[in-house]
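Asker: The structure is given below, and queries will be raised subsequently.
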Amino acid sequence: MEQRLVFMGGRRLYYQKDWPQFVNQLNQGLKPADSCVLFLDRPLEAKQIRALDQMTGVLCFALENASWSDLDEWPTYIQGYIKDPSNSRELEYALEQAKRNFELRVERDSLKFKLLLEKERRSEIMQSALELAEEREISSLCEKVLTKIRKLLSAEGASLYIYLPEENLLRFAYVQNEKLDLKFKEMKLPLDESSIMGACAVGKKLIHIPDVYQIKPEDSFSFNTSFDKASGYRTKNLLNIPLLKSNGDLVGIVQVINSKLEDDFSDDEIEIGRALSAHIAVAIETALLYQNIEELFEGFIKASVIAIESRDPTTSGHSERVALLTIRLAQEVHESQQKAFKSALFNHLQFKELRYASLLHDFGKIGVPEKVLVKAKKLYPEQLDVMSSRFDALILSFPEKRKYFEEIWSKILEANEPTVLVEDLKANLEHLLGHEYKILDKQIPLIKDEEWAQLSVKKGSLSETERGQIESHVLHTIKFLEKIPWTRDLKRVPSIAAAHHEKLNGGGYPYGLSAEKIPLESQIMAVADVYDALTAMDRPYKRAVSQEKAIAILRDEAKRLSLNSDLVQLFEQRAVYRCLLI
Ligand SMILES: [Fe+2]
């Protein structure tokens, strides 16, 4: 049969011999006629099939000849079989058959598509449920809930209300609407059936309203139009889904607003909302429980800090300030591009861990005797009182020596100061050791051995034993913190706090750890701790130093390898200390 190009009713018909022309048009970006019919005298090659896939409205018929008989089955691009396309009756019949085939195929494809969509939706519900179950932070969870439900139900907006059982109220928690820039406003709703939300909560039943401006008169609730009037927004469809636990208890309500695609939410979408609601309820309940535990723990930490600082009121606020400085410096480390801190990155859980460690770093001071903790001079106040009474008695008993005793007493007062050097003390008082006077038949020593031992401490106001007692606070801190069953995310709190007095040169306490064994977090905390101890308000045993002087001391400590010099530099450069002024 001679192949020729046939035009019929404006629809173009091509023979396979015209393929090059056909593809050429396509390559030039010119689409072949919107509808065209192709008569093929042999199967297409793979390249040709790919080209065919890019076209729309093309019908392919197999021309009767031997090359098709070798095939086991018809290729999918063949819509029919025709002997002579120039025979208009035969062509009409073939086109009619093709049309029917095409309709069937469209229907089959649409069913396939629906099935696929359904499958996707099911897996999206499962995926959403899993993602929601993993979220522990209540505000991000609520945002996620609204985003997911809006996506799954193709809705313009959604709001979330959380039920407060103690007050029997609904708290408006979160809102999203892609057409409105909504500012969140805290609001509580009573549980009565006059409002849509109230009716949904009381009845614990899903309420679907296709158009809120056409609520049936027999319904107990009405729609409050004030928001629409004020904003110009038109609320139409509302889907109120109660969030119920498996025992039926109400957790909250999700309200979904206005379908984006259709006139109203479809039955399928309502089912999806219903299916997801149980997962949302469990996720919210878990997150609220988690939040309660967090609040409980924060309360415990605050109480612990108060307990620490009530032992020594002069250090009031130290733990909080060290926590502020530590976290600020850690944030700078996290953001720093410096080589020293390239790999030092902290996530929000690690920041939390560091904050707890900083707040509790001095908890062990609870185990140090209070009189040692607040000791300002070399002698305890009561020791000085006893000595003072003794000198009064000596003056009364030996009035002729009054001047002599008064001179010794003033030297004792001088020696009692923590700044006095032990050499001066020895030159002034050591020769008096062993001197005794008889009062009322009793031999009274001028200076008792234990008083001398206290006065002759080498540095500051503390004896070696007392210094040991103060330093033991870290061991008490470790003991205390190790008793707490920290969660996996917070398990390093004890070891971070334990090393806050360690020094890079190995001269710190309690373990004298070497630099590489001291956690970076503890090194950060050490800088914060020293800075605050220096700049905090006057204490009985030391005066506060200025910020400049404190930085200079930090630099000296870094030179001596007591502190990490990179951290001290960052502390100074980024003015970390300013966080205390806010
Ligand atoms: Fe400490």
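We name chains A, B, ... following the order of the structure tokens; residues begin at 1 in each chain, and ligands are numbered from 1 as shown.
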Using only C-alpha atoms, determine which residues lie at most 10 Å from A:Phe480, disregarding the query and same-chain residues fewer than 3 positions distant; provide the list as a list in words.

Answerer: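 So the residues in contact are Leu360, Phe363, Gly364, Gly367, Val474, Leu475, His476, Thr477, Lys483, Ile484 and Pro494 of chain A.
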
Asker: Restricting the output to C-alpha atoms, write the selected residues as a JSON list (two decimals), in the first residue's frame.

Answerer:
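See selection35.json below for the written result:
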```json
[["chain", "number", "residue", "atom", "x", "y", "z"],
["A", 360, "LEU", "CA", 25.22, 23.79, 90.22],
["A", 363, "PHE", "CA", 26.60, 23.13, 95.12],
["A", 364, "GLY", "CA", 29.19, 21.27, 97.20],
["A", 367, "GLY", "CA", 29.20, 20.54, 102.69],
["A", 474, "VAL", "CA", 34.13, 20.35, 94.30],
["A", 475, "LEU", "CA", 34.19, 16.79, 95.64],
["A", 476, "HIS", "CA", 30.89, 17.45, 97.43],
["A", 477, "THR", "CA", 29.51, 18.87, 94.15],
["A", 483, "LYS", "CA", 23.39, 11.00, 92.76],
["A", 484, "ILE", "CA", 21.00, 12.60, 90.24],
["A", 494, "PRO", "CA", 28.66, 16.11, 86.89]]
```

Asker: Using backbone DSSP assignments, extract all alpha helix (DSSP H) residues from stretch 307-520 of chain A; output them as a PyMOL selection string.

Answerer: chain A and resi 307-311+318-335+348-359+370-373+381-397+402-415+422-429+449-455+464-471+473-482+493-498+520

Asker: Show me a table, sorted first by chain and then by increasing residue number, of the residues of chain A having an atom at most 12 Å from ligand 1, each with its shortest atom pair and the distance in Å to one decimal, counting only C-alpha atoms and all ligand atoms and written as CSV.

Answerer:
```
residue,atom,partner,partner_atom_place_in_ligand_line,distance
A:Ile308,CA,ligand 1,1 (Fe),11.2
A:Thr315,CA,ligand 1,1 (Fe),11.2
A:His318,CA,ligand 1,1 (Fe),10.0
A:Ser319,CA,ligand 1,1 (Fe),9.4
A:Val322,CA,ligand 1,1 (Fe),10.2
A:Ala357,CA,ligand 1,1 (Fe),11.3
A:Ser358,CA,ligand 1,1 (Fe),9.7
A:Leu359,CA,ligand 1,1 (Fe),10.8
A:Leu360,CA,ligand 1,1 (Fe),9.4
A:His361,CA,ligand 1,1 (Fe),6.1
A:Asp362,CA,ligand 1,1 (Fe),4.8
A:Phe363,CA,ligand 1,1 (Fe),8.4
A:Gly364,CA,ligand 1,1 (Fe),8.3
A:Lys365,CA,ligand 1,1 (Fe),8.0
A:Ile366,CA,ligand 1,1 (Fe),11.6
A:Val368,CA,ligand 1,1 (Fe),11.7
A:Leu373,CA,ligand 1,1 (Fe),11.6
A:Ile470,CA,ligand 1,1 (Fe),8.7
A:Glu471,CA,ligand 1,1 (Fe),7.7
A:Ser472,CA,ligand 1,1 (Fe),9.4
A:His473,CA,ligand 1,1 (Fe),7.0
A:Val474,CA,ligand 1,1 (Fe),6.4
A:Leu475,CA,ligand 1,1 (Fe),10.2
A:His476,CA,ligand 1,1 (Fe),10.6
A:Thr477,CA,ligand 1,1 (Fe),8.9
A:Ile478,CA,ligand 1,1 (Fe),11.3
A:Ile496,CA,ligand 1,1 (Fe),11.9
A:Ala497,CA,ligand 1,1 (Fe),8.6
A:Ala498,CA,ligand 1,1 (Fe),9.0
A:Ala499,CA,ligand 1,1 (Fe),9.3
A:His500,CA,ligand 1,1 (Fe),6.6
A:His501,CA,ligand 1,1 (Fe),6.3
A:Glu502,CA,ligand 1,1 (Fe),10.1
A:Gly508,CA,ligand 1,1 (Fe),11.4
A:Tyr509,CA,ligand 1,1 (Fe),10.0
A:Pro510,CA,ligand 1,1 (Fe),10.6
A:Ser522,CA,ligand 1,1 (Fe),11.1
A:Met525,CA,ligand 1,1 (Fe),9.9
A:Ala526,CA,ligand 1,1 (Fe),8.7
A:Val527,CA,ligand 1,1 (Fe),11.6
A:Ala528,CA,ligand 1,1 (Fe),10.9
A:Asp529,CA,ligand 1,1 (Fe),7.4
A:Val530,CA,ligand 1,1 (Fe),9.1
A:Asp532,CA,ligand 1,1 (Fe),11.1
A:Ala533,CA,ligand 1,1 (Fe),9.6
```

Asker: Could you please take those selected residues and save N, CA and C atoms as a CSV table (one decimal), in the first residue's frame?

Answerer:
```csv
chain,number,residue,atom,x,y,z
A,308,ILE,N,22.6,26.9,98.0
A,308,ILE,CA,24.0,27.2,98.0
A,308,ILE,C,24.3,28.6,98.5
A,315,THR,N,28.1,35.7,98.5
A,315,THR,CA,28.3,35.3,97.1
A,315,THR,C,27.0,35.2,96.3
A,318,HIS,N,26.1,34.5,92.5
A,318,HIS,CA,27.3,34.0,91.8
A,318,HIS,C,26.9,32.9,90.8
A,319,SER,N,26.1,31.9,91.2
A,319,SER,CA,25.8,30.8,90.3
A,319,SER,C,25.1,31.2,89.1
A,322,VAL,N,27.6,33.1,86.8
A,322,VAL,CA,28.5,32.2,86.2
A,322,VAL,C,27.8,31.5,85.0
A,357,ALA,N,25.2,22.6,84.6
A,357,ALA,CA,26.5,22.4,85.3
A,357,ALA,C,27.0,23.7,85.9
A,358,SER,N,26.8,24.8,85.2
A,358,SER,CA,27.2,26.1,85.7
A,358,SER,C,26.4,26.5,87.0
A,359,LEU,N,25.1,26.3,86.9
A,359,LEU,CA,24.2,26.7,88.0
A,359,LEU,C,24.6,25.9,89.3
A,360,LEU,N,25.0,24.7,89.1
A,360,LEU,CA,25.2,23.8,90.2
A,360,LEU,C,26.7,23.6,90.6
A,361,HIS,N,27.6,24.4,89.9
A,361,HIS,CA,29.0,24.1,90.0
A,361,HIS,C,29.5,24.2,91.5
A,362,ASP,N,28.9,25.1,92.3
A,362,ASP,CA,29.3,25.3,93.6
A,362,ASP,C,28.4,24.6,94.6
A,363,PHE,N,27.6,23.7,94.2
A,363,PHE,CA,26.6,23.1,95.1
A,363,PHE,C,27.3,22.5,96.3
A,364,GLY,N,28.5,22.0,96.1
A,364,GLY,CA,29.2,21.3,97.2
A,364,GLY,C,29.6,22.2,98.4
A,365,LYS,N,29.4,23.5,98.2
A,365,LYS,CA,29.7,24.4,99.3
A,365,LYS,C,28.8,24.2,100.5
A,366,ILE,N,27.7,23.5,100.2
A,366,ILE,CA,26.8,23.1,101.2
A,366,ILE,C,27.5,22.2,102.3
A,368,VAL,N,30.6,22.5,103.2
A,368,VAL,CA,31.8,23.1,103.8
A,368,VAL,C,31.3,23.9,105.0
A,373,LEU,N,33.6,29.0,105.2
A,373,LEU,CA,33.2,29.6,103.9
A,373,LEU,C,33.2,31.1,104.0
A,470,ILE,N,37.6,24.2,101.9
A,470,ILE,CA,37.0,25.0,100.8
A,470,ILE,C,37.1,24.2,99.5
A,471,GLU,N,38.3,23.7,99.2
A,471,GLU,CA,38.5,23.1,97.9
A,471,GLU,C,37.7,21.8,97.8
A,472,SER,N,37.4,21.2,99.0
A,472,SER,CA,36.6,20.0,99.0
A,472,SER,C,35.2,20.2,98.5
A,473,HIS,N,34.8,21.5,98.3
A,473,HIS,CA,33.4,21.7,97.8
A,473,HIS,C,33.2,21.0,96.4
A,474,VAL,N,34.3,21.0,95.6
A,474,VAL,CA,34.1,20.4,94.3
A,474,VAL,C,33.8,18.9,94.5
A,475,LEU,N,34.5,18.2,95.4
A,475,LEU,CA,34.2,16.8,95.6
A,475,LEU,C,32.8,16.6,96.1
A,476,HIS,N,32.3,17.5,97.0
A,476,HIS,CA,30.9,17.5,97.4
A,476,HIS,C,30.0,17.7,96.2
A,477,THR,N,30.3,18.6,95.3
A,477,THR,CA,29.5,18.9,94.2
A,477,THR,C,29.4,17.6,93.3
A,478,ILE,N,30.6,16.9,93.1
A,478,ILE,CA,30.6,15.7,92.3
A,478,ILE,C,29.7,14.7,92.9
A,496,ILE,N,31.4,18.0,83.9
A,496,ILE,CA,31.7,19.3,83.5
A,496,ILE,C,31.9,20.2,84.8
A,497,ALA,N,30.9,20.0,85.7
A,497,ALA,CA,31.0,20.8,87.0
A,497,ALA,C,32.2,20.4,87.8
A,498,ALA,N,32.6,19.2,87.8
A,498,ALA,CA,33.7,18.6,88.6
A,498,ALA,C,35.0,19.3,88.2
A,499,ALA,N,35.1,19.7,87.0
A,499,ALA,CA,36.5,20.2,86.5
A,499,ALA,C,36.6,21.7,86.5
A,500,HIS,N,35.7,22.5,87.2
A,500,HIS,CA,35.7,23.9,87.1
A,500,HIS,C,36.8,24.6,87.8
A,501,HIS,N,37.5,23.9,88.7
A,501,HIS,CA,38.7,24.4,89.3
A,501,HIS,C,40.0,23.8,88.8
A,502,GLU,N,39.9,23.0,87.8
A,502,GLU,CA,41.1,22.4,87.2
A,502,GLU,C,41.9,23.4,86.4
A,508,GLY,N,45.4,22.5,89.2
A,508,GLY,CA,44.1,22.7,89.7
A,508,GLY,C,43.7,21.6,90.7
A,509,TYR,N,42.4,21.7,91.2
A,509,TYR,CA,41.9,20.7,92.0
A,509,TYR,C,40.5,20.3,91.6
A,510,PRO,N,40.0,19.2,92.0
A,510,PRO,CA,40.5,18.3,93.0
A,510,PRO,C,41.4,17.2,92.4
A,522,SER,N,34.2,22.9,80.9
A,522,SER,CA,34.7,23.3,82.2
A,522,SER,C,35.7,24.4,82.1
A,525,MET,N,33.7,27.5,81.8
A,525,MET,CA,33.2,27.8,83.1
A,525,MET,C,34.2,28.4,84.0
A,526,ALA,N,35.4,27.9,83.9
A,526,ALA,CA,36.5,28.4,84.8
A,526,ALA,C,36.8,29.9,84.5
A,527,VAL,N,36.8,30.3,83.2
A,527,VAL,CA,37.0,31.7,82.9
A,527,VAL,C,35.8,32.6,83.5
A,528,ALA,N,34.6,32.1,83.4
A,528,ALA,CA,33.4,32.8,83.9
A,528,ALA,C,33.5,32.8,85.4
A,529,ASP,N,33.9,31.8,86.0
A,529,ASP,CA,33.9,31.7,87.5
A,529,ASP,C,34.9,32.6,88.1
A,530,VAL,N,36.1,32.7,87.5
A,530,VAL,CA,37.2,33.6,88.0
A,530,VAL,C,36.8,35.0,87.8
A,532,ASP,N,33.8,36.3,87.6
A,532,ASP,CA,32.8,36.8,88.5
A,532,ASP,C,33.3,36.9,90.0
A,533,ALA,N,34.2,35.9,90.3
A,533,ALA,CA,34.7,36.0,91.7
A,533,ALA,C,35.5,37.3,91.9
```

Asker: In Å to one decimal, how far is atom CA of A:Leu440 from atom CA of A:Leu384?

Answerer: 22.3 Å

Asker: Rank nothing, just name the residue among A:Ser246, A:Ser195, A:Asn177, A:Gln48 nearest to A:Ser154, using only C-alpha atoms.

Answerer: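 Looking only at the distances to A:Ser154, the closest residue turns out to be A:Asn177.
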
Asker: Which value, in Å to one decimal, gives the distance between atom CA of A:Thr314 and atom CA of A:Leu379?

Answerer: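 Computed distance, atom CA of A:Thr314 to atom CA of A:Leu379, equals 18.9 Å.
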